[in-house]
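Source file: protein.tsv (TSV, N, CA and C atoms)
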```tsv
chain	number	residue	atom	x	y	z
A	1	VAL	N	79.75	125.24	113.71
A	1	VAL	CA	78.83	124.35	114.40
A	1	VAL	C	77.88	125.18	115.26
A	2	GLN	N	76.63	124.80	115.27
A	2	GLN	CA	75.64	125.48	116.10
A	2	GLN	C	75.26	124.56	117.26
A	3	LEU	N	75.11	125.16	118.43
A	3	LEU	CA	74.86	124.40	119.64
A	3	LEU	C	73.62	124.89	120.34
A	4	GLN	N	72.91	123.99	120.98
A	4	GLN	CA	71.74	124.35	121.78
A	4	GLN	C	71.67	123.45	122.99
A	5	ALA	N	71.77	124.04	124.16
A	5	ALA	CA	71.65	123.28	125.40
A	5	ALA	C	70.20	123.24	125.83
A	6	TYR	N	69.80	122.12	126.43
A	6	TYR	CA	68.46	122.01	126.95
A	6	TYR	C	68.45	120.95	128.06
A	7	GLY	N	67.34	120.85	128.75
A	7	GLY	CA	67.22	119.86	129.80
A	7	GLY	C	67.25	120.43	131.21
A	8	GLY	N	67.43	121.74	131.32
A	8	GLY	CA	67.44	122.34	132.64
A	8	GLY	C	66.05	122.32	133.27
A	9	GLY	N	66.00	122.77	134.51
A	9	GLY	CA	64.72	122.79	135.19
A	9	GLY	C	64.87	123.21	136.62
A	10	PHE	N	63.78	123.01	137.36
A	10	PHE	CA	63.73	123.37	138.77
A	10	PHE	C	63.71	122.07	139.56
A	11	VAL	N	64.69	121.88	140.44
A	11	VAL	CA	64.78	120.65	141.21
A	11	VAL	C	65.11	120.98	142.65
A	12	GLN	N	64.79	120.06	143.54
A	12	GLN	CA	65.15	120.21	144.94
A	12	GLN	C	66.58	119.73	145.15
A	13	ALA	N	67.18	120.23	146.19
A	13	ALA	CA	68.54	119.80	146.54
A	13	ALA	C	68.58	118.28	146.66
A	14	GLY	N	69.63	117.71	146.12
A	14	GLY	CA	69.77	116.26	146.10
A	14	GLY	C	69.25	115.61	144.83
A	15	GLY	N	68.55	116.39	144.03
A	15	GLY	CA	67.97	115.85	142.82
A	15	GLY	C	68.96	115.75	141.68
A	16	SER	N	68.46	115.29	140.54
A	16	SER	CA	69.30	115.06	139.37
A	16	SER	C	68.63	115.60	138.12
A	17	LEU	N	69.46	115.91	137.15
A	17	LEU	CA	69.00	116.31	135.84
A	17	LEU	C	69.99	115.77	134.82
A	18	ARG	N	69.54	115.66	133.59
A	18	ARG	CA	70.44	115.33	132.49
A	18	ARG	C	70.34	116.46	131.47
A	19	LEU	N	71.41	117.19	131.37
A	19	LEU	CA	71.48	118.26	130.39
A	19	LEU	C	71.98	117.69	129.07
A	20	SER	N	71.45	118.21	127.99
A	20	SER	CA	71.87	117.80	126.66
A	20	SER	C	72.26	119.01	125.85
A	21	CYS	N	73.10	118.76	124.88
A	21	CYS	CA	73.51	119.81	123.96
A	21	CYS	C	73.47	119.22	122.56
A	22	ALA	N	72.59	119.76	121.75
A	22	ALA	CA	72.46	119.30	120.38
A	22	ALA	C	73.33	120.15	119.48
A	23	ALA	N	74.08	119.51	118.61
A	23	ALA	CA	75.00	120.22	117.73
A	23	ALA	C	74.66	119.94	116.28
A	24	SER	N	74.85	120.95	115.48
A	24	SER	CA	74.69	120.77	114.04
A	24	SER	C	76.07	120.76	113.41
A	25	GLY	N	76.18	120.23	112.22
A	25	GLY	CA	77.46	120.23	111.53
A	25	GLY	C	78.12	118.87	111.53
A	26	ARG	N	78.81	118.58	110.43
A	26	ARG	CA	79.42	117.27	110.26
A	26	ARG	C	80.73	117.12	111.00
A	27	THR	N	81.25	118.21	111.57
A	27	THR	CA	82.55	118.15	112.22
A	27	THR	C	82.45	118.08	113.73
A	28	PHE	N	81.27	117.83	114.26
A	28	PHE	CA	81.10	117.81	115.72
A	28	PHE	C	82.09	116.86	116.36
A	29	GLY	N	82.32	115.73	115.76
A	29	GLY	CA	83.18	114.72	116.33
A	29	GLY	C	84.65	115.09	116.40
A	30	THR	N	85.02	116.23	115.86
A	30	THR	CA	86.41	116.67	115.91
A	30	THR	C	86.65	117.74	116.96
A	31	TYR	N	85.61	118.19	117.65
A	31	TYR	CA	85.71	119.27	118.61
A	31	TYR	C	85.82	118.78	120.04
A	32	ALA	N	86.66	119.44	120.80
A	32	ALA	CA	86.59	119.31	122.25
A	32	ALA	C	85.38	120.11	122.72
A	33	MET	N	84.72	119.61	123.74
A	33	MET	CA	83.49	120.24	124.21
A	33	MET	C	83.59	120.57	125.68
A	34	GLY	N	82.84	121.55	126.09
A	34	GLY	CA	82.81	121.90	127.50
A	34	GLY	C	81.42	122.29	127.95
A	35	TRP	N	81.16	122.07	129.22
A	35	TRP	CA	79.98	122.61	129.88
A	35	TRP	C	80.44	123.73	130.81
A	36	PHE	N	79.76	124.84	130.74
A	36	PHE	CA	80.06	126.01	131.55
A	36	PHE	C	78.78	126.43	132.27
A	37	ARG	N	78.94	127.21	133.33
A	37	ARG	CA	77.77	127.73	134.01
A	37	ARG	C	78.05	129.13	134.52
A	38	GLN	N	76.99	129.89	134.66
A	38	GLN	CA	77.08	131.23	135.21
A	38	GLN	C	75.94	131.42	136.18
A	39	GLY	N	76.29	131.50	137.45
A	39	GLY	CA	75.30	131.69	138.49
A	39	GLY	C	74.99	133.16	138.70
A	40	PRO	N	73.95	133.46	139.45
A	40	PRO	CA	73.57	134.85	139.70
A	40	PRO	C	74.72	135.64	140.33
A	41	GLY	N	75.12	136.71	139.70
A	41	GLY	CA	76.18	137.54	140.23
A	41	GLY	C	77.56	136.94	140.16
A	42	LYS	N	77.70	135.85	139.43
A	42	LYS	CA	78.99	135.17	139.35
A	42	LYS	C	79.54	135.20	137.93
A	43	GLU	N	80.83	134.97	137.82
A	43	GLU	CA	81.44	134.85	136.52
A	43	GLU	C	81.18	133.46	135.94
A	44	ARG	N	81.24	133.39	134.63
A	44	ARG	CA	81.08	132.09	133.98
A	44	ARG	C	82.26	131.20	134.32
A	45	GLU	N	81.99	129.95	134.57
A	45	GLU	CA	83.05	129.00	134.92
A	45	GLU	C	82.85	127.69	134.18
A	46	ALA	N	83.96	127.02	133.90
A	46	ALA	CA	83.90	125.71	133.29
A	46	ALA	C	83.61	124.68	134.36
A	47	VAL	N	82.74	123.74	134.07
A	47	VAL	CA	82.46	122.67	135.03
A	47	VAL	C	82.90	121.30	134.52
A	48	ALA	N	82.94	121.11	133.19
A	48	ALA	CA	83.34	119.80	132.66
A	48	ALA	C	83.83	119.96	131.23
A	49	ALA	N	84.77	119.13	130.86
A	49	ALA	CA	85.30	119.14	129.50
A	49	ALA	C	85.49	117.71	129.04
A	50	ILE	N	85.38	117.53	127.72
A	50	ILE	CA	85.54	116.21	127.14
A	50	ILE	C	86.23	116.36	125.79
A	51	ASN	N	87.13	115.44	125.49
A	51	ASN	CA	87.85	115.57	124.22
A	51	ASN	C	87.00	115.03	123.07
A	52	TRP	N	87.54	115.06	121.88
A	52	TRP	CA	86.76	114.75	120.69
A	52	TRP	C	86.20	113.34	120.71
A	53	SER	N	86.94	112.39	121.28
A	53	SER	CA	86.51	111.00	121.25
A	53	SER	C	85.69	110.60	122.48
A	54	GLY	N	85.74	111.42	123.50
A	54	GLY	CA	85.09	111.05	124.76
A	54	GLY	C	86.00	110.29	125.69
A	55	GLY	N	87.24	110.08	125.26
A	55	GLY	CA	88.15	109.29	126.06
A	55	GLY	C	88.85	110.05	127.16
A	56	SER	N	88.72	111.36	127.16
A	56	SER	CA	89.37	112.18	128.18
A	56	SER	C	88.37	113.19	128.71
A	57	THR	N	88.23	113.25	130.01
A	57	THR	CA	87.31	114.20	130.63
A	57	THR	C	88.00	114.91	131.80
A	58	ARG	N	87.51	116.09	132.11
A	58	ARG	CA	87.99	116.85	133.26
A	58	ARG	C	86.81	117.54	133.91
A	59	TYR	N	86.94	117.78	135.22
A	59	TYR	CA	85.86	118.40	135.97
A	59	TYR	C	86.40	119.46	136.92
A	60	ALA	N	85.57	120.44	137.18
A	60	ALA	CA	85.89	121.39	138.24
A	60	ALA	C	85.79	120.66	139.58
A	61	ASP	N	86.61	121.08	140.52
A	61	ASP	CA	86.61	120.41	141.83
A	61	ASP	C	85.23	120.45	142.48
A	62	SER	N	84.48	121.50	142.23
A	62	SER	CA	83.18	121.68	142.88
A	62	SER	C	82.14	120.67	142.41
A	63	VAL	N	82.39	120.00	141.29
A	63	VAL	CA	81.38	119.08	140.76
A	63	VAL	C	81.89	117.66	140.64
A	64	LYS	N	83.14	117.42	140.94
A	64	LYS	CA	83.70	116.07	140.82
A	64	LYS	C	82.91	115.08	141.67
A	65	GLY	N	82.62	113.94	141.07
A	65	GLY	CA	81.86	112.92	141.77
A	65	GLY	C	80.36	113.10	141.67
A	66	ARG	N	79.91	114.26	141.20
A	66	ARG	CA	78.47	114.53	141.08
A	66	ARG	C	78.04	114.71	139.62
A	67	PHE	N	78.91	115.24	138.80
A	67	PHE	CA	78.59	115.52	137.40
A	67	PHE	C	79.37	114.55	136.51
A	68	THR	N	78.76	114.13	135.42
A	68	THR	CA	79.41	113.27	134.45
A	68	THR	C	79.14	113.79	133.05
A	69	VAL	N	80.20	114.06	132.32
A	69	VAL	CA	80.08	114.53	130.95
A	69	VAL	C	80.29	113.35	130.00
A	70	SER	N	79.53	113.34	128.93
A	70	SER	CA	79.67	112.30	127.91
A	70	SER	C	79.22	112.86	126.57
A	71	ARG	N	79.50	112.14	125.52
A	71	ARG	CA	79.11	112.58	124.20
A	71	ARG	C	78.80	111.38	123.32
A	72	ASP	N	77.98	111.62	122.32
A	72	ASP	CA	77.64	110.62	121.31
A	72	ASP	C	77.85	111.29	119.96
A	73	ASN	N	78.99	111.03	119.37
A	73	ASN	CA	79.32	111.70	118.12
A	73	ASN	C	78.39	111.28	116.98
A	74	ALA	N	77.88	110.07	117.05
A	74	ALA	CA	76.95	109.63	116.01
A	74	ALA	C	75.66	110.42	116.03
A	75	LYS	N	75.32	110.93	117.19
A	75	LYS	CA	74.09	111.72	117.35
A	75	LYS	C	74.35	113.21	117.44
A	76	ASN	N	75.61	113.60	117.30
A	76	ASN	CA	75.96	115.02	117.46
A	76	ASN	C	75.44	115.57	118.78
A	77	ALA	N	75.70	114.84	119.84
A	77	ALA	CA	75.13	115.22	121.13
A	77	ALA	C	76.16	115.17	122.25
A	78	LEU	N	76.01	116.10	123.15
A	78	LEU	CA	76.83	116.21	124.36
A	78	LEU	C	75.88	116.15	125.54
A	79	TYR	N	76.32	115.51	126.61
A	79	TYR	CA	75.46	115.37	127.78
A	79	TYR	C	76.19	115.77	129.05
A	80	LEU	N	75.42	116.15	130.04
A	80	LEU	CA	75.95	116.38	131.39
A	80	LEU	C	74.94	115.82	132.38
A	81	GLN	N	75.28	114.71	133.00
A	81	GLN	CA	74.46	114.15	134.06
A	81	GLN	C	74.84	114.85	135.36
A	82	VAL	N	73.89	115.49	135.97
A	82	VAL	CA	74.15	116.23	137.19
A	82	VAL	C	73.37	115.61	138.32
A	83	ASN	N	74.08	115.11	139.32
A	83	ASN	CA	73.47	114.44	140.46
A	83	ASN	C	73.78	115.18	141.75
A	84	SER	N	73.05	114.82	142.79
A	84	SER	CA	73.28	115.40	144.12
A	84	SER	C	73.37	116.92	144.03
A	85	LEU	N	72.41	117.50	143.37
A	85	LEU	CA	72.44	118.94	143.13
A	85	LEU	C	72.35	119.73	144.43
A	86	LYS	N	73.05	120.85	144.44
A	86	LYS	CA	73.09	121.76	145.58
A	86	LYS	C	72.55	123.12	145.14
A	87	PRO	N	72.06	123.91	146.07
A	87	PRO	CA	71.59	125.25	145.70
A	87	PRO	C	72.66	126.06	144.98
A	88	GLU	N	73.91	125.86	145.33
A	88	GLU	CA	74.99	126.62	144.67
A	88	GLU	C	75.24	126.17	143.22
A	89	ASP	N	74.59	125.10	142.79
A	89	ASP	CA	74.66	124.70	141.39
A	89	ASP	C	73.69	125.49	140.51
A	90	THR	N	72.85	126.30	141.14
A	90	THR	CA	71.92	127.12	140.38
A	90	THR	C	72.67	128.04	139.43
A	91	ALA	N	72.34	127.95	138.16
A	91	ALA	CA	73.06	128.72	137.15
A	91	ALA	C	72.42	128.48	135.79
A	92	VAL	N	72.81	129.30	134.84
A	92	VAL	CA	72.55	129.00	133.44
A	92	VAL	C	73.72	128.15	132.95
A	93	TYR	N	73.41	127.02	132.37
A	93	TYR	CA	74.43	126.10	131.88
A	93	TYR	C	74.54	126.21	130.36
A	94	TYR	N	75.78	126.31	129.90
A	94	TYR	CA	76.07	126.47	128.48
A	94	TYR	C	76.96	125.33	128.00
A	95	CYS	N	76.79	124.95	126.75
A	95	CYS	CA	77.75	124.07	126.12
A	95	CYS	C	78.57	124.88	125.11
A	96	ALA	N	79.78	124.46	124.91
A	96	ALA	CA	80.67	125.17	124.00
A	96	ALA	C	81.61	124.19	123.33
A	97	ALA	N	82.10	124.57	122.18
A	97	ALA	CA	82.97	123.71	121.39
A	97	ALA	C	84.19	124.48	120.91
A	98	ASP	N	85.27	123.76	120.75
A	98	ASP	CA	86.47	124.36	120.20
A	98	ASP	C	87.29	123.30	119.48
A	99	ALA	N	87.73	123.64	118.29
A	99	ALA	CA	88.44	122.67	117.46
A	99	ALA	C	89.91	122.51	117.84
A	100	ARG	N	90.44	123.46	118.61
A	100	ARG	CA	91.89	123.45	118.83
A	100	ARG	C	92.32	123.27	120.27
A	101	LYS	N	91.36	123.23	121.19
A	101	LYS	CA	91.73	123.12	122.60
A	101	LYS	C	91.71	121.67	123.07
A	102	ASN	N	92.55	121.36	124.07
A	102	ASN	CA	92.42	120.10	124.75
A	102	ASN	C	91.56	120.31	126.00
A	103	THR	N	91.32	119.25	126.73
A	103	THR	CA	90.39	119.37	127.85
A	103	THR	C	90.91	120.31	128.93
A	104	LEU	N	92.22	120.34	129.13
A	104	LEU	CA	92.79	121.24	130.13
A	104	LEU	C	92.55	122.69	129.72
A	105	GLN	N	92.73	122.98	128.45
A	105	GLN	CA	92.52	124.33	127.96
A	105	GLN	C	91.04	124.70	128.00
A	106	VAL	N	90.17	123.76	127.74
A	106	VAL	CA	88.73	124.04	127.84
A	106	VAL	C	88.37	124.42	129.27
A	107	MET	N	88.94	123.72	130.24
A	107	MET	CA	88.65	124.03	131.63
A	107	MET	C	89.16	125.40	132.03
A	108	GLY	N	90.16	125.89	131.31
A	108	GLY	CA	90.69	127.20	131.61
A	108	GLY	C	89.97	128.33	130.90
A	109	ALA	N	89.03	127.99	130.05
A	109	ALA	CA	88.31	129.00	129.28
A	109	ALA	C	87.03	129.39	130.01
A	110	SER	N	86.64	130.61	129.88
A	110	SER	CA	85.37	131.03	130.47
A	110	SER	C	84.77	132.20	129.69
A	111	ARG	N	85.63	133.02	129.12
A	111	ARG	CA	85.12	134.16	128.39
A	111	ARG	C	84.66	133.74	127.00
A	112	PRO	N	83.66	134.40	126.48
A	112	PRO	CA	83.08	133.98	125.19
A	112	PRO	C	84.12	133.80	124.08
A	113	TYR	N	85.14	134.67	124.05
A	113	TYR	CA	86.10	134.59	122.96
A	113	TYR	C	87.09	133.44	123.12
A	114	GLU	N	87.04	132.79	124.28
A	114	GLU	CA	88.00	131.72	124.53
A	114	GLU	C	87.55	130.36	124.02
A	115	MET	N	86.33	130.24	123.58
A	115	MET	CA	85.85	129.03	122.94
A	115	MET	C	85.30	129.40	121.58
A	116	GLY	N	85.45	128.48	120.62
A	116	GLY	CA	85.06	128.82	119.26
A	116	GLY	C	83.56	128.99	119.06
A	117	TYR	N	82.78	128.16	119.74
A	117	TYR	CA	81.33	128.18	119.54
A	117	TYR	C	80.63	128.00	120.88
A	118	TRP	N	79.55	128.75	121.04
A	118	TRP	CA	78.74	128.67	122.25
A	118	TRP	C	77.29	128.42	121.86
A	119	GLY	N	76.62	127.67	122.72
A	119	GLY	CA	75.19	127.50	122.55
A	119	GLY	C	74.44	128.39	123.52
A	120	LYS	N	73.17	128.55	123.29
A	120	LYS	CA	72.33	129.24	124.26
A	120	LYS	C	72.19	128.36	125.48
A	121	GLY	N	72.07	128.96	126.61
A	121	GLY	CA	72.09	128.23	127.86
A	121	GLY	C	70.74	127.65	128.25
A	122	THR	N	70.79	126.82	129.28
A	122	THR	CA	69.59	126.27	129.88
A	122	THR	C	69.67	126.49	131.39
A	123	GLN	N	68.56	126.94	131.97
A	123	GLN	CA	68.56	127.33	133.38
A	123	GLN	C	68.38	126.10	134.27
A	124	VAL	N	69.23	126.01	135.28
A	124	VAL	CA	69.08	125.00	136.33
A	124	VAL	C	68.89	125.74	137.64
A	125	THR	N	67.81	125.46	138.32
A	125	THR	CA	67.53	126.10	139.61
A	125	THR	C	67.35	125.00	140.65
A	126	VAL	N	68.12	125.10	141.71
A	126	VAL	CA	68.09	124.10	142.77
A	126	VAL	C	67.60	124.75	144.04
A	127	SER	N	66.52	124.25	144.59
A	127	SER	CA	65.97	124.81	145.82
A	127	SER	C	66.49	124.02	147.01
A	128	SER	N	66.61	124.71	148.13
A	128	SER	CA	67.12	124.07	149.34
A	128	SER	C	66.00	123.43	150.14
```
As a first step, turn the structure in this file into structure tokens.
Amino acid sequence: VQLQAYGGGFVQAGGSLRLSCAASGRTFGTYAMGWFRQGPGKEREAVAAINWSGGSTRYADSVKGRFTVSRDNAKNALYLQVNSLKPEDTAVYYCAADARKNTLQVMGASRPYEMGYWGKGTQVTVSS
């Protein structure tokens, strides 16, 4: 499966964005998906995970209540609604897929080899 994240941008603190991840391939609906981010000088971290059906989601504590992950398997699409943005949310955001992980395992992944497929990232910059 090939992935491409888009929808990032430059926003003021408190603003919102909707990130999208377009996927190719007929098996998208069988993959657990995750959103990850890597800020300047920081390690990549998982921020949200969703199972194949969309019925199970998990979030990093730092984004709970502000970020919402969802998917539309009919459209081969993954989304991340990001609200109440903070300067510390500034990062490149990536989407990733894995056929064998559950949402807990996706949240524990961060290194490239720990997820089966990665998309190119989209930059989110939040000004104070």
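Proximity ranking of A:Gln123, A:Thr68, A:Asn51, A:Ser56 relative to Gln81 in chain A places A:Thr68 first, based on only N, CA and C atoms.
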Picked from range 12-125 of chain A by DSSP as strand (DSSP E), as a PyMOL selection string: chain A and resi 12+17-23+32-38+45-50+57-59+67-72+77-82+91-98+117-118+122-125
Please produce an output containing N, CA and C atoms for each residue in the selection, written as a compact mmCIF listing (two decimals), keeping the file's coordinate frame.
```
# COMPACT_ATOMS: atom_id res chain seq x y z
N GLN A 12 64.79 120.06 143.54
CA GLN A 12 65.15 120.21 144.94
C GLN A 12 66.58 119.73 145.15
N LEU A 17 69.46 115.91 137.15
CA LEU A 17 69.00 116.31 135.84
C LEU A 17 69.99 115.77 134.82
N ARG A 18 69.54 115.66 133.59
CA ARG A 18 70.44 115.33 132.49
C ARG A 18 70.34 116.46 131.47
N LEU A 19 71.41 117.19 131.37
CA LEU A 19 71.48 118.26 130.39
C LEU A 19 71.98 117.69 129.07
N SER A 20 71.45 118.21 127.99
CA SER A 20 71.87 117.80 126.66
C SER A 20 72.26 119.01 125.85
N CYS A 21 73.10 118.76 124.88
CA CYS A 21 73.51 119.81 123.96
C CYS A 21 73.47 119.22 122.56
N ALA A 22 72.59 119.76 121.75
CA ALA A 22 72.46 119.30 120.38
C ALA A 22 73.33 120.15 119.48
N ALA A 23 74.08 119.51 118.61
CA ALA A 23 75.00 120.22 117.73
C ALA A 23 74.66 119.94 116.28
N ALA A 32 86.66 119.44 120.80
CA ALA A 32 86.59 119.31 122.25
C ALA A 32 85.38 120.11 122.72
N MET A 33 84.72 119.61 123.74
CA MET A 33 83.49 120.24 124.21
C MET A 33 83.59 120.57 125.68
N GLY A 34 82.84 121.55 126.09
CA GLY A 34 82.81 121.90 127.50
C GLY A 34 81.42 122.29 127.95
N TRP A 35 81.16 122.07 129.22
CA TRP A 35 79.98 122.61 129.88
C TRP A 35 80.44 123.73 130.81
N PHE A 36 79.76 124.84 130.74
CA PHE A 36 80.06 126.01 131.55
C PHE A 36 78.78 126.43 132.27
N ARG A 37 78.94 127.21 133.33
CA ARG A 37 77.77 127.73 134.01
C ARG A 37 78.05 129.13 134.52
N GLN A 38 76.99 129.89 134.66
CA GLN A 38 77.08 131.23 135.21
C GLN A 38 75.94 131.42 136.18
N GLU A 45 81.99 129.95 134.57
CA GLU A 45 83.05 129.00 134.92
C GLU A 45 82.85 127.69 134.18
N ALA A 46 83.96 127.02 133.90
CA ALA A 46 83.90 125.71 133.29
C ALA A 46 83.61 124.68 134.36
N VAL A 47 82.74 123.74 134.07
CA VAL A 47 82.46 122.67 135.03
C VAL A 47 82.90 121.30 134.52
N ALA A 48 82.94 121.11 133.19
CA ALA A 48 83.34 119.80 132.66
C ALA A 48 83.83 119.96 131.23
N ALA A 49 84.77 119.13 130.86
CA ALA A 49 85.30 119.14 129.50
C ALA A 49 85.49 117.71 129.04
N ILE A 50 85.38 117.53 127.72
CA ILE A 50 85.54 116.21 127.14
C ILE A 50 86.23 116.36 125.79
N THR A 57 88.23 113.25 130.01
CA THR A 57 87.31 114.20 130.63
C THR A 57 88.00 114.91 131.80
N ARG A 58 87.51 116.09 132.11
CA ARG A 58 87.99 116.85 133.26
C ARG A 58 86.81 117.54 133.91
N TYR A 59 86.94 117.78 135.22
CA TYR A 59 85.86 118.40 135.97
C TYR A 59 86.40 119.46 136.92
N PHE A 67 78.91 115.24 138.80
CA PHE A 67 78.59 115.52 137.40
C PHE A 67 79.37 114.55 136.51
N THR A 68 78.76 114.13 135.42
CA THR A 68 79.41 113.27 134.45
C THR A 68 79.14 113.79 133.05
N VAL A 69 80.20 114.06 132.32
CA VAL A 69 80.08 114.53 130.95
C VAL A 69 80.29 113.35 130.00
N SER A 70 79.53 113.34 128.93
CA SER A 70 79.67 112.30 127.91
C SER A 70 79.22 112.86 126.57
N ARG A 71 79.50 112.14 125.52
CA ARG A 71 79.11 112.58 124.20
C ARG A 71 78.80 111.38 123.32
N ASP A 72 77.98 111.62 122.32
CA ASP A 72 77.64 110.62 121.31
C ASP A 72 77.85 111.29 119.96
N ALA A 77 75.70 114.84 119.84
CA ALA A 77 75.13 115.22 121.13
C ALA A 77 76.16 115.17 122.25
N LEU A 78 76.01 116.10 123.15
CA LEU A 78 76.83 116.21 124.36
C LEU A 78 75.88 116.15 125.54
N TYR A 79 76.32 115.51 126.61
CA TYR A 79 75.46 115.37 127.78
C TYR A 79 76.19 115.77 129.05
N LEU A 80 75.42 116.15 130.04
CA LEU A 80 75.95 116.38 131.39
C LEU A 80 74.94 115.82 132.38
N GLN A 81 75.28 114.71 133.00
CA GLN A 81 74.46 114.15 134.06
C GLN A 81 74.84 114.85 135.36
N VAL A 82 73.89 115.49 135.97
CA VAL A 82 74.15 116.23 137.19
C VAL A 82 73.37 115.61 138.32
N ALA A 91 72.34 127.95 138.16
CA ALA A 91 73.06 128.72 137.15
C ALA A 91 72.42 128.48 135.79
N VAL A 92 72.81 129.30 134.84
CA VAL A 92 72.55 129.00 133.44
C VAL A 92 73.72 128.15 132.95
N TYR A 93 73.41 127.02 132.37
CA TYR A 93 74.43 126.10 131.88
C TYR A 93 74.54 126.21 130.36
N TYR A 94 75.78 126.31 129.90
CA TYR A 94 76.07 126.47 128.48
C TYR A 94 76.96 125.33 128.00
N CYS A 95 76.79 124.95 126.75
CA CYS A 95 77.75 124.07 126.12
C CYS A 95 78.57 124.88 125.11
N ALA A 96 79.78 124.46 124.91
CA ALA A 96 80.67 125.17 124.00
C ALA A 96 81.61 124.19 123.33
N ALA A 97 82.10 124.57 122.18
CA ALA A 97 82.97 123.71 121.39
C ALA A 97 84.19 124.48 120.91
N ASP A 98 85.27 123.76 120.75
CA ASP A 98 86.47 124.36 120.20
C ASP A 98 87.29 123.30 119.48
N TYR A 117 82.78 128.16 119.74
CA TYR A 117 81.33 128.18 119.54
C TYR A 117 80.63 128.00 120.88
N TRP A 118 79.55 128.75 121.04
CA TRP A 118 78.74 128.67 122.25
C TRP A 118 77.29 128.42 121.86
N THR A 122 70.79 126.82 129.28
CA THR A 122 69.59 126.27 129.88
C THR A 122 69.67 126.49 131.39
N GLN A 123 68.56 126.94 131.97
CA GLN A 123 68.56 127.33 133.38
C GLN A 123 68.38 126.10 134.27
N VAL A 124 69.23 126.01 135.28
CA VAL A 124 69.08 125.00 136.33
C VAL A 124 68.89 125.74 137.64
N THR A 125 67.81 125.46 138.32
CA THR A 125 67.53 126.10 139.61
C THR A 125 67.35 125.00 140.65
```
Contact residues around Cys21 in chain A with all atoms listed in the file at 6 Å, ignoring same-chain residues under 5 positions, as a list in words: Gln4, Ala5, Tyr6, Asn76, Ala77, Leu78 and Tyr79 of chain A
Pull N, CA and C atoms from the residues just selected and write them as a compact mmCIF listing (two decimals), keeping the file's coordinate frame.
```
# COMPACT_ATOMS: atom_id res chain seq x y z
N GLN A 4 72.91 123.99 120.98
CA GLN A 4 71.74 124.35 121.78
C GLN A 4 71.67 123.45 122.99
N ALA A 5 71.77 124.04 124.16
CA ALA A 5 71.65 123.28 125.40
C ALA A 5 70.20 123.24 125.83
N TYR A 6 69.80 122.12 126.43
CA TYR A 6 68.46 122.01 126.95
C TYR A 6 68.45 120.95 128.06
N ASN A 76 75.61 113.60 117.30
CA ASN A 76 75.96 115.02 117.46
C ASN A 76 75.44 115.57 118.78
N ALA A 77 75.70 114.84 119.84
CA ALA A 77 75.13 115.22 121.13
C ALA A 77 76.16 115.17 122.25
N LEU A 78 76.01 116.10 123.15
CA LEU A 78 76.83 116.21 124.36
C LEU A 78 75.88 116.15 125.54
N TYR A 79 76.32 115.51 126.61
CA TYR A 79 75.46 115.37 127.78
C TYR A 79 76.19 115.77 129.05
```
Gly34 in chain A surroundings by all atoms listed in the file, 6.5 Å radius, close-in-sequence under 3 positions cut, as a list in words: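 Close residues of Gly34 in chain A: Val47, Ala48, Ala49, Ile50, Tyr94, Cys95, Ala96, Ala97, Asp98 and Val106 of chain A.
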Closest of A:Ala46, A:Val11, A:Val126, A:Val82 to Gly108 in chain A - atom-to-atom distances counting only N, CA and C atoms: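 Among the listed residues, the smallest separation from Gly108 in chain A belongs to A:Ala46.
Shortest atom-to-atom contact with Asp89 in chain A among A:Trp118, A:Tyr31, A:Arg37, A:Pro112: A:Arg37, counting all atoms listed in the file.
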Counting all atoms listed in the file, the residue of A:Val124, A:Gly119, A:Ala22, A:Met107 that sits nearest Glu45 in chain A: A:Met107
CA of Gly116 in chain A to CA of Ser16 in chain A, straight-line distance in Å: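 These two atoms are separated by 29.0 Å.
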